[in-house]
file coords-v9.tsv (TSV, C-alpha atoms)
chain	number	residue	atom	x	y	z
V	1281	MET	CA	-24.61	48.72	-26.66
V	1282	SER	CA	-25.37	50.27	-30.02
V	1283	PHE	CA	-22.63	50.10	-32.66
V	1284	ASP	CA	-23.69	53.52	-33.98
V	1285	GLN	CA	-23.16	55.19	-30.61
V	1286	ASN	CA	-19.96	53.51	-29.46
V	1287	VAL	CA	-16.67	55.40	-29.59
V	1288	PHE	CA	-13.50	53.38	-29.09
V	1289	ILE	CA	-10.91	55.45	-27.23
V	1290	ASN	CA	-7.27	54.56	-27.91
V	1291	CYS	CA	-4.94	56.54	-25.66
V	1292	PRO	CA	-2.71	56.19	-22.59
V	1293	PHE	CA	-4.45	55.75	-19.25
V	1294	ASP	CA	-1.66	57.24	-17.15
V	1295	ASP	CA	-1.48	60.34	-14.97
V	1296	ASP	CA	0.28	62.33	-17.68
V	1297	TYR	CA	-2.62	61.96	-20.10
V	1298	ARG	CA	-5.39	62.29	-17.48
V	1299	PRO	CA	-5.87	66.09	-18.03
V	1300	LEU	CA	-6.73	65.31	-21.65
V	1301	LEU	CA	-8.59	62.04	-21.25
V	1302	ARG	CA	-11.13	63.37	-18.78
V	1303	PRO	CA	-12.35	66.19	-21.06
V	1304	LEU	CA	-12.18	63.78	-24.01
V	1305	LEU	CA	-14.50	61.32	-22.27
V	1306	PHE	CA	-16.78	64.12	-21.07
V	1307	THR	CA	-17.10	65.52	-24.59
V	1308	VAL	CA	-17.98	62.15	-26.09
V	1309	LEU	CA	-20.60	61.62	-23.39
V	1310	TYR	CA	-21.96	65.15	-23.74
V	1311	LEU	CA	-22.49	64.56	-27.46
V	1312	GLY	CA	-24.70	61.59	-26.58
V	1313	LEU	CA	-22.16	58.91	-27.49
V	1314	LYS	CA	-20.63	56.09	-25.46
V	1315	PRO	CA	-16.87	55.91	-24.90
V	1316	ARG	CA	-15.42	52.40	-24.89
V	1317	ILE	CA	-12.08	51.97	-23.17
V	1318	ALA	CA	-9.70	49.11	-22.35
V	1319	GLU	CA	-8.35	50.46	-19.10
V	1320	THR	CA	-7.28	47.21	-17.46
V	1321	THR	CA	-3.78	45.82	-17.52
V	1322	SER	CA	-4.65	42.22	-18.17
V	1323	SER	CA	-2.32	39.78	-19.89
V	1324	GLY	CA	-1.36	40.55	-23.47
V	1325	ASN	CA	-3.53	37.91	-25.10
V	1326	ILE	CA	-6.65	38.83	-23.14
V	1327	ARG	CA	-6.05	42.54	-23.64
V	1328	ILE	CA	-5.65	42.36	-27.40
V	1329	GLN	CA	-8.82	40.26	-27.67
V	1330	GLU	CA	-10.68	42.86	-25.61
V	1331	ILE	CA	-9.32	45.66	-27.78
V	1332	LYS	CA	-10.41	43.84	-30.95
V	1333	ARG	CA	-13.86	43.33	-29.47
V	1334	LEU	CA	-14.18	47.01	-28.55
V	1335	ILE	CA	-12.96	48.15	-31.99
V	1336	GLY	CA	-15.37	45.79	-33.75
V	1337	SER	CA	-18.31	47.06	-31.69
V	1338	SER	CA	-17.62	50.78	-32.19
V	1339	LYS	CA	-18.59	52.80	-35.23
V	1340	TYR	CA	-16.34	55.67	-34.15
V	1341	SER	CA	-12.80	55.71	-32.83
V	1342	ILE	CA	-10.53	58.36	-31.37
V	1343	HIS	CA	-6.84	57.51	-31.45
V	1344	ASP	CA	-4.44	59.84	-29.67
V	1345	ILE	CA	-0.88	59.18	-30.79
V	1346	SER	CA	0.57	62.24	-29.02
V	1347	ARG	CA	2.29	60.06	-26.43
V	1348	ASN	CA	4.08	57.97	-29.04
V	1349	GLU	CA	7.52	59.00	-27.83
V	1350	ALA	CA	10.22	57.71	-25.52
V	1351	LEU	CA	9.56	58.58	-21.88
V	1352	ASN	CA	13.28	58.76	-21.09
V	1353	PRO	CA	16.41	59.22	-23.23
V	1354	GLY	CA	17.44	55.86	-24.63
V	1355	ASP	CA	13.98	54.33	-24.21
V	1356	LEU	CA	11.96	53.12	-27.16
V	1357	PRO	CA	8.61	54.85	-27.72
V	1358	ARG	CA	5.40	53.07	-26.82
V	1359	PHE	CA	3.70	51.68	-29.90
V	1360	ASN	CA	0.41	50.43	-28.46
V	1361	MET	CA	-1.52	53.39	-29.81
V	1362	PRO	CA	-0.32	53.05	-33.44
V	1363	LEU	CA	-0.86	49.28	-33.18
V	1364	GLU	CA	-4.49	49.75	-32.12
V	1365	LEU	CA	-4.96	52.40	-34.80
V	1366	GLY	CA	-3.70	49.85	-37.33
V	1367	ILE	CA	-6.13	47.22	-36.06
V	1368	ASP	CA	-8.95	49.74	-36.39
V	1369	ILE	CA	-8.05	50.66	-39.96
V	1370	GLY	CA	-7.72	46.96	-40.80
V	1371	CYS	CA	-11.11	46.27	-39.25
V	1372	GLN	CA	-12.65	48.98	-41.42
V	1373	GLU	CA	-10.95	47.65	-44.56
V	1374	PHE	CA	-11.22	43.89	-44.16
V	1375	GLY	CA	-14.14	43.40	-41.77
V	1376	ASP	CA	-17.84	42.76	-42.37
V	1377	GLU	CA	-19.79	45.20	-44.52
V	1378	HIS	CA	-21.15	47.23	-41.60
V	1379	LEU	CA	-17.57	47.83	-40.41
V	1380	SER	CA	-16.80	49.76	-43.57
V	1381	ARG	CA	-18.97	52.55	-42.06
V	1382	LYS	CA	-16.46	52.99	-39.26
V	1383	LYS	CA	-14.87	56.41	-38.90
V	1384	CYS	CA	-11.78	57.28	-36.94
V	1385	LEU	CA	-10.20	60.48	-35.71
V	1386	VAL	CA	-6.47	60.59	-35.05
V	1387	LEU	CA	-5.20	63.15	-32.56
V	1388	ASP	CA	-1.64	64.31	-32.08
V	1389	LYS	CA	-0.07	67.16	-30.17
V	1390	GLU	CA	1.50	68.84	-33.20
V	1391	LYS	CA	0.42	69.18	-36.80
V	1392	TYR	CA	2.26	66.81	-39.16
V	1393	ARG	CA	4.30	65.24	-36.32
V	1394	TYR	CA	2.84	61.84	-37.31
V	1395	GLN	CA	4.72	62.06	-40.60
V	1396	ARG	CA	7.96	61.43	-38.72
V	1397	PHE	CA	6.94	57.99	-37.41
V	1398	VAL	CA	3.69	56.77	-39.00
V	1399	SER	CA	3.34	58.65	-42.28
V	1400	ASP	CA	1.14	55.98	-43.92
V	1401	ILE	CA	-1.88	57.22	-41.96
V	1402	GLY	CA	-1.85	60.39	-44.06
V	1403	GLY	CA	-5.31	59.71	-45.51
V	1404	GLN	CA	-7.02	59.64	-42.10
V	1405	ASP	CA	-8.67	62.54	-40.26
V	1406	ILE	CA	-5.77	63.89	-38.20
V	1407	LYS	CA	-6.09	66.87	-35.89
V	1408	GLU	CA	-3.71	68.45	-33.40
V	1409	HIS	CA	-4.63	69.41	-29.84
V	1410	GLY	CA	-1.41	70.98	-28.58
V	1411	ASN	CA	-1.91	69.19	-25.23
V	1412	ASP	CA	-4.60	71.75	-24.48
V	1413	PRO	CA	-7.92	70.36	-23.11
V	1414	GLN	CA	-9.95	73.22	-24.61
V	1415	LYS	CA	-8.44	72.68	-28.02
V	1416	LEU	CA	-8.96	68.94	-27.68
V	1417	ILE	CA	-12.66	69.47	-26.94
V	1418	ALA	CA	-12.95	71.81	-29.92
V	1419	LYS	CA	-11.29	69.33	-32.30
V	1420	ILE	CA	-13.40	66.39	-31.17
V	1421	ARG	CA	-16.60	68.40	-31.34
V	1422	GLU	CA	-15.66	69.73	-34.79
V	1423	TRP	CA	-14.99	66.22	-36.08
V	1424	PHE	CA	-18.23	64.78	-34.73
V	1425	ALA	CA	-20.20	67.72	-36.13
V	1426	ALA	CA	-18.79	66.81	-39.54
V	1427	VAL	CA	-19.26	63.04	-39.40
V	1428	LEU	CA	-22.66	63.19	-37.69
V	1429	LYS	CA	-23.75	66.09	-39.92
V	1430	GLN	CA	-25.45	67.67	-36.92
V	1431	HIS	CA	-25.60	71.03	-35.25
V	1432	LEU	CA	-23.75	70.45	-31.99
V	1433	PRO	CA	-23.20	72.70	-28.95
V	1434	GLY	CA	-20.21	75.01	-29.11
V	1435	PRO	CA	-16.89	73.89	-27.61
V	1436	SER	CA	-16.98	76.68	-25.01
V	1437	LEU	CA	-20.25	75.39	-23.63
V	1438	ILE	CA	-18.87	71.85	-23.34
V	1439	TRP	CA	-15.75	73.19	-21.63
V	1440	GLU	CA	-17.83	75.22	-19.17
V	1441	PHE	CA	-20.03	72.25	-18.30
V	1442	TYR	CA	-16.94	70.07	-17.96
V	1443	ASN	CA	-15.60	72.48	-15.34
V	1444	GLU	CA	-18.95	72.53	-13.60
V	1445	PHE	CA	-19.01	68.75	-13.53
V	1446	ILE	CA	-15.50	68.60	-12.05
V	1447	ALA	CA	-16.61	70.98	-9.30
V	1448	ASP	CA	-19.74	68.92	-8.57
V	1449	MET	CA	-17.89	65.61	-8.68
V	1450	THR	CA	-15.11	66.86	-6.40
V	1451	SER	CA	-17.54	68.38	-3.93
V	1452	GLN	CA	-19.77	65.31	-3.74
V	1453	LEU	CA	-16.94	62.77	-3.55
V	1454	LYS	CA	-15.28	64.78	-0.78
V	1455	GLY	CA	-18.59	64.64	1.02
V	1456	GLU	CA	-18.46	60.86	0.69
V	1457	GLY	CA	-15.03	60.81	2.32
V	1458	PHE	CA	-12.85	60.60	-0.77
V	1459	LYS	CA	-9.45	62.23	-0.43
V	1460	ASP	CA	-8.05	64.63	-3.04
V	1461	LYS	CA	-5.62	62.00	-4.32
V	1462	GLU	CA	-8.39	59.40	-4.66
V	1463	ILE	CA	-10.50	61.87	-6.63
V	1464	ASP	CA	-7.56	62.81	-8.85
V	1465	GLU	CA	-6.79	59.15	-9.50
V	1466	LEU	CA	-10.38	58.02	-9.89
V	1467	PRO	CA	-10.42	55.19	-12.44
V	1468	PHE	CA	-11.70	56.29	-15.81
V	1469	SER	CA	-14.44	53.69	-15.72
V	1470	ASN	CA	-15.80	55.39	-12.59
V	1471	PHE	CA	-15.34	58.80	-14.16
V	1472	ILE	CA	-17.41	57.70	-17.15
V	1473	ILE	CA	-20.28	56.51	-14.98
V	1474	LEU	CA	-20.32	59.68	-12.90
V	1475	ALA	CA	-20.07	61.98	-15.92
V	1476	GLN	CA	-22.69	60.05	-17.87
V	1477	GLU	CA	-25.28	60.28	-15.10
V	1478	TRP	CA	-24.44	63.94	-14.37
V	1479	ILE	CA	-24.91	64.85	-18.04
V	1480	LEU	CA	-28.20	62.95	-18.25
V	1481	ARG	CA	-29.47	64.90	-15.26
V	1482	LEU	CA	-28.15	68.18	-16.65
V	1483	LYS	CA	-29.94	67.67	-19.95
V	1484	LYS	CA	-33.13	66.83	-18.13
V	1485	GLU	CA	-33.04	69.83	-15.81
V	1486	LYS	CA	-31.39	72.73	-17.57
V	1487	PRO	CA	-32.78	74.55	-20.59
V	1488	PRO	CA	-30.72	74.85	-23.77
V	1489	ARG	CA	-28.43	77.78	-24.45
V	1490	LYS	CA	-28.73	80.06	-27.43
V	1491	GLU	CA	-25.23	79.46	-28.72
V	1492	GLY	CA	-25.66	75.71	-29.16
V	1493	ALA	CA	-28.09	72.98	-29.95
V	1494	SER	CA	-30.80	72.05	-27.48
V	1495	HIS	CA	-30.13	69.22	-25.07
V	1496	LYS	CA	-33.08	67.41	-26.57
V	1497	SER	CA	-31.49	67.51	-30.00
V	1498	LEU	CA	-28.38	65.91	-28.57
V	1499	LYS	CA	-30.36	62.77	-27.93
V	1500	GLN	CA	-30.30	62.36	-31.66
V	1501	ALA	CA	-26.50	62.33	-31.74
V	1502	GLY	CA	-25.17	59.00	-32.87
V	1503	LYS	CA	-27.97	58.61	-35.35
V	1504	ASP	CA	-26.79	59.70	-38.73
V	1505	THR	CA	-28.96	62.42	-40.16
V	1506	LYS	CA	-28.29	64.73	-43.04
V	1507	LYS	CA	-31.12	67.15	-42.28
V	1508	ASN	CA	-29.19	69.48	-40.06
V	1509	VAL	CA	-26.19	71.35	-41.27
V	1510	GLU	CA	-23.71	72.73	-38.84
V	1511	LYS	CA	-24.09	76.49	-38.60
V	1512	GLU	CA	-21.00	77.38	-36.57
A	1484	VAL	CA	-16.47	55.21	2.01
A	1485	VAL	CA	-16.15	52.80	-0.86
A	1486	PRO	CA	-12.54	51.92	-1.68
A	1487	ALA	CA	-11.74	53.27	-5.12
A	1488	ALA	CA	-9.74	50.30	-6.42
A	1489	PRO	CA	-12.44	47.60	-6.03
A	1490	LEU	CA	-15.00	50.00	-7.46
A	1491	ALA	CA	-12.77	50.58	-10.43
A	1492	SER	CA	-12.52	46.95	-11.33
A	1493	ILE	CA	-16.18	46.26	-10.69
A	1494	ASN	CA	-17.38	49.24	-12.69
A	1495	PHE	CA	-14.97	48.46	-15.44
A	1496	LEU	CA	-16.30	44.92	-15.65
A	1497	ILE	CA	-19.83	46.24	-15.86
A	1498	PHE	CA	-18.97	48.81	-18.51
A	1499	ALA	CA	-16.39	47.08	-20.62
A	1500	THR	CA	-17.72	43.55	-20.66
A	1501	GLY	CA	-21.41	44.32	-20.52
A	1502	SER	CA	-22.69	41.69	-18.12
A	1503	LEU	CA	-21.41	38.81	-16.05
A	1504	ASN	CA	-22.88	35.35	-16.23
A	1505	ASN	CA	-21.47	34.00	-13.02
A	1506	ASN	CA	-24.22	34.29	-10.37
A	1507	PHE	CA	-21.81	34.52	-7.48
A	1508	LEU	CA	-19.81	37.29	-9.09
A	1509	SER	CA	-22.99	39.05	-10.14
A	1510	SER	CA	-24.29	39.13	-6.58
A	1511	ILE	CA	-21.05	40.72	-5.38
A	1512	VAL	CA	-21.18	43.20	-8.22
A	1513	MET	CA	-24.73	44.17	-7.37
A	1514	ALA	CA	-23.96	44.60	-3.66
A	1515	ILE	CA	-21.11	46.96	-4.38
A	1516	LYS	CA	-22.87	48.59	-7.29
A	1517	ASN	CA	-25.78	49.57	-5.05
A	1518	ILE	CA	-23.41	51.49	-2.82
A	1519	THR	CA	-21.77	53.01	-5.86
A	1520	GLN	CA	-25.16	53.93	-7.26
A	1521	GLN	CA	-25.79	56.15	-4.25
A	1522	ILE	CA	-22.63	58.07	-4.96
A	1523	ILE	CA	-23.46	58.25	-8.65
A	1524	ASP	CA	-26.93	59.57	-7.82
A	1525	ARG	CA	-25.56	62.23	-5.49
A	1526	VAL	CA	-23.08	63.48	-8.08
A	1527	ALA	CA	-25.81	63.48	-10.75
A	1528	GLU	CA	-28.20	65.29	-8.42
A	1529	ALA	CA	-25.69	68.13	-8.19
A	1530	ALA	CA	-26.23	68.82	-11.90
A	1531	ALA	CA	-29.79	69.86	-11.16
A	1532	ILE	CA	-28.97	72.22	-8.32
A	1533	HIS	CA	-28.57	75.86	-9.28
A	1534	SER	CA	-26.44	76.87	-6.35
A	1535	ASN	CA	-25.07	80.30	-5.61
A	1536	ARG	CA	-21.70	79.20	-6.87
A	1537	LEU	CA	-19.45	80.94	-9.33
A	1538	HIS	CA	-16.87	79.40	-11.63
A	1539	VAL	CA	-13.76	81.27	-12.65
A	1540	LEU	CA	-12.13	79.51	-15.58
A	1541	PRO	CA	-9.88	80.06	-18.59
A	1542	ARG	CA	-11.64	80.12	-21.94
A	1543	ASN	CA	-10.03	80.80	-25.30
A	1544	GLU	CA	-7.06	82.61	-23.78
A	1545	LYS	CA	-9.34	84.81	-21.67
A	1546	TRP	CA	-10.82	84.30	-18.21
A	1547	VAL	CA	-14.54	84.09	-17.61
A	1548	VAL	CA	-16.76	84.25	-14.54
A	1549	ARG	CA	-19.84	82.13	-14.82
A	1550	ARG	CA	-22.64	81.32	-12.42
A	1551	ASP	CA	-23.54	77.67	-11.90
A	1552	GLY	CA	-25.71	76.50	-14.79
A	1553	ALA	CA	-26.05	79.99	-16.27
A	1554	ARG	CA	-26.71	80.53	-19.95
A	1555	ARG	CA	-24.26	83.37	-20.22
A	1556	VAL	CA	-21.02	84.25	-18.51
A	1557	MET	CA	-21.05	87.19	-16.11
A	1558	GLY	CA	-17.82	88.62	-17.43
A	1559	ILE	CA	-14.90	88.02	-19.77
A	1560	PHE	CA	-11.48	89.29	-18.74
A	1561	GLY	CA	-7.98	89.44	-20.14
A	1562	THR	CA	-6.36	88.23	-16.94
A	1563	ARG	CA	-7.07	85.79	-14.15
A	1564	ASP	CA	-6.74	88.51	-11.52
A	1565	GLU	CA	-9.44	90.62	-13.14
A	1566	ALA	CA	-11.78	87.64	-13.16
A	1567	LEU	CA	-10.97	86.87	-9.54
A	1568	ASN	CA	-11.77	90.46	-8.57
A	1569	LEU	CA	-15.30	90.13	-9.91
A	1570	ALA	CA	-15.77	86.75	-8.21
A	1571	ARG	CA	-14.55	88.18	-4.90
A	1572	LEU	CA	-16.90	91.12	-5.25
A	1573	TYR	CA	-19.93	88.84	-5.56
A	1574	VAL	CA	-18.78	86.55	-2.76
A	1575	ASN	CA	-17.89	89.36	-0.40
A	1576	ASN	CA	-21.18	91.21	-0.88
A	1577	GLY	CA	-23.05	87.99	-0.16
A	1578	SER	CA	-24.83	87.63	-3.49
A	1579	MET	CA	-22.83	84.48	-4.19
A	1580	GLU	CA	-21.92	81.80	-1.67
A	1581	TYR	CA	-18.49	80.91	-3.05
A	1582	ALA	CA	-16.42	80.71	-6.21
A	1583	VAL	CA	-14.51	77.78	-7.66
A	1584	VAL	CA	-11.37	78.75	-9.54
A	1585	HIS	CA	-10.32	76.28	-12.25
A	1586	ASP	CA	-6.95	75.94	-13.94
A	1587	SER	CA	-6.28	75.32	-17.63
A	1588	ASN	CA	-6.87	71.59	-17.12
A	1589	GLY	CA	-10.22	72.10	-15.44
A	1590	HIS	CA	-8.80	71.16	-12.04
A	1591	ILE	CA	-9.91	73.11	-9.02
A	1592	ALA	CA	-7.05	75.46	-8.20
A	1593	GLU	CA	-8.72	77.19	-5.26
A	1594	THR	CA	-12.06	78.20	-3.83
A	1595	ILE	CA	-13.02	81.67	-2.68
A	1596	GLY	CA	-15.34	82.16	0.26
A	1597	LYS	CA	-15.64	78.58	1.46

call {"tool": "encode", "arguments": {"input": "coords-v9.tsv", "output": "structure tokens"}}
result
Amino acid sequence: MSFDQNVFINCPFDDDYRPLLRPLLFTVLYLGLKPRIAETTSSGNIRIQEIKRLIGSSKYSIHDISRNEALNPGDLPRFNMPLELGIDIGCQEFGDEHLSRKKCLVLDKEKYRYQRFVSDIGGQDIKEHGNDPQKLIAKIREWFAAVLKQHLPGPSLIWEFYNEFIADMTSQLKGEGFKDKEIDELPFSNFIILAQEWILRLKKEKPPRKEGASHKSLKQAGKDTKKNVEKE
Amino acid sequence: VVPAAPLASINFLIFATGSLNNNFLSSIVMAIKNITQQIIDRVAEAAAIHSNRLHVLPRNEKWVVRRDGARRVMGIFGTRDEALNLARLYVNNGSMEYAVVHDSNGHIAETIGK
């Protein structure tokens, strides 16, 4: 896969984060990029090697540190997300020359919350999503529009197509005999495949809307170009 | 019906690791992937169908009613009930087959007319 199109996704893969991760993955795919995830729960050594490989092969990264908190009183917070963010920043700083082109977006649920537990990331691009899928889509789209320097479809359009995809996916999987719970808990790797193919077909079949860029132009996403300036 | 768990691991292997060198494993992957591909194709095919389906969904603290694949929304409302009223009107008069009502996470909360 192309380094310039890969987006490493660092976030929880649990039920609590699912309402955010699905629209996150859909948005990345809709913008013509390829999300790279480490969903498996393999042994620590294998997992960290896989994460390093994914980080090293992705020009872009999205790190969501909103779940960096104790699940229950007395518990310690999970630190996998800040750890992987640190590896990514290190990769950008100390890796091969092409890795210095890496760009990462840090997401949190509240503005400036990160300052209470990982304040040294202050120089990174940090945006808050408020645990709201629509806001999350808007922030991701806004960030990619800036780093890709491209005119991208509006966040409302992406949100509407995301809802349409969910309806199509649910309807078709039910027709294949999937139960509601199985659809809800569909592994993210499966979700990515289904969403990717659905979006490809959508872009082939449906004409562009006035409020956003044409589907054809989205094929250019992932290729840095400075010709187009975002108009929104 | 393809069990979700095996599909998950197989698809993950294909996606996350790129390709497998082991011939035996590859043959298993391909056998299951072919079945999966049918499901993938059917879901993708749905993107090209402009059905008489409405979507009622929250958008920027309002509620919108939108026809499948339409360029513009049919209406923007301050409340969910107002949006549902328009959807019911179209479904009840037969101009639309059914409406899918989404919640703030994009989940399907209910369907009207199906």

call {"tool": "residues_around", "arguments": {"input": "coords-v9.tsv", "residues": "range 1568-1573 of chain A", "least_positions_apart": "4", "cutoff": "8 Å", "atoms": "only C-alpha atoms", "output": "list in words"}}
result
Leu1537, Val1539, Val1548, Asp1564, Gly1577, Ser1578, Met1579, Ala1582, Ile1595 and Gly1596 of chain A

call {"tool": "closest_residue", "arguments": {"input": "coords-v9.tsv", "among": "V:Ser1436, V:Asn1290, V:Gln1414, V:Gln1452", "to": "Gly1589 in chain A", "atoms": "all atoms listed in the file"}}
result
V:Gln1414

call {"tool": "closest_residue", "arguments": {"input": "coords-v9.tsv", "among": "A:Glu1580, A:Glu1565, A:Asp1551, A:Glu1593", "to": "chain V", "atoms": "all atoms listed in the file"}}
result
A:Asp1551

call {"tool": "residues_around", "arguments": {"input": "coords-v9.tsv", "residues": "Asp1344 in chain V", "least_positions_apart": "5", "cutoff": "6 Å", "atoms": "all atoms listed in the file", "output": "VMD selection string"}}
result
chain V and resid 1291 1386 to 1388

call {"tool": "residues_around", "arguments": {"input": "coords-v9.tsv", "residues": "Phe1560 in chain A", "least_positions_apart": "3", "cutoff": "8 Å", "atoms": "all atoms listed in the file", "output": "list in words"}}
result
Lys1545, Trp1546, Val1547, Arg1563, Glu1565 and Ala1566 of chain A

call {"tool": "closest_residue", "arguments": {"input": "coords-v9.tsv", "among": "A:Ser1534, A:Thr1562, A:Asn1543, A:Asn1576", "to": "chain V", "atoms": "only C-alpha atoms"}}
result
A:Asn1543

call {"tool": "closest_residue", "arguments": {"input": "coords-v9.tsv", "among": "A:Asn1588, A:Val1526, A:Gly1558, A:Arg1550", "to": "His1538 in chain A", "atoms": "all atoms listed in the file"}}
result
A:Arg1550

call {"tool": "closest_residue", "arguments": {"input": "coords-v9.tsv", "among": "V:Asn1443, V:Ser1346, V:Thr1450, V:Asn1286", "to": "chain A", "atoms": "only C-alpha atoms"}}
result
V:Asn1443

call {"tool": "atom_distance", "arguments": {"input": "coords-v9.tsv", "atom1": "CA of Arg1327 in chain V", "atom2": "CA of Leu1363 in chain V"}}
result
12.8 Å

call {"tool": "closest_residue", "arguments": {"input": "coords-v9.tsv", "among": "V:Ile1420, V:Ala1318, V:Ile1328, V:Leu1305", "to": "chain A", "atoms": "all atoms listed in the file"}}
result
V:Ala1318
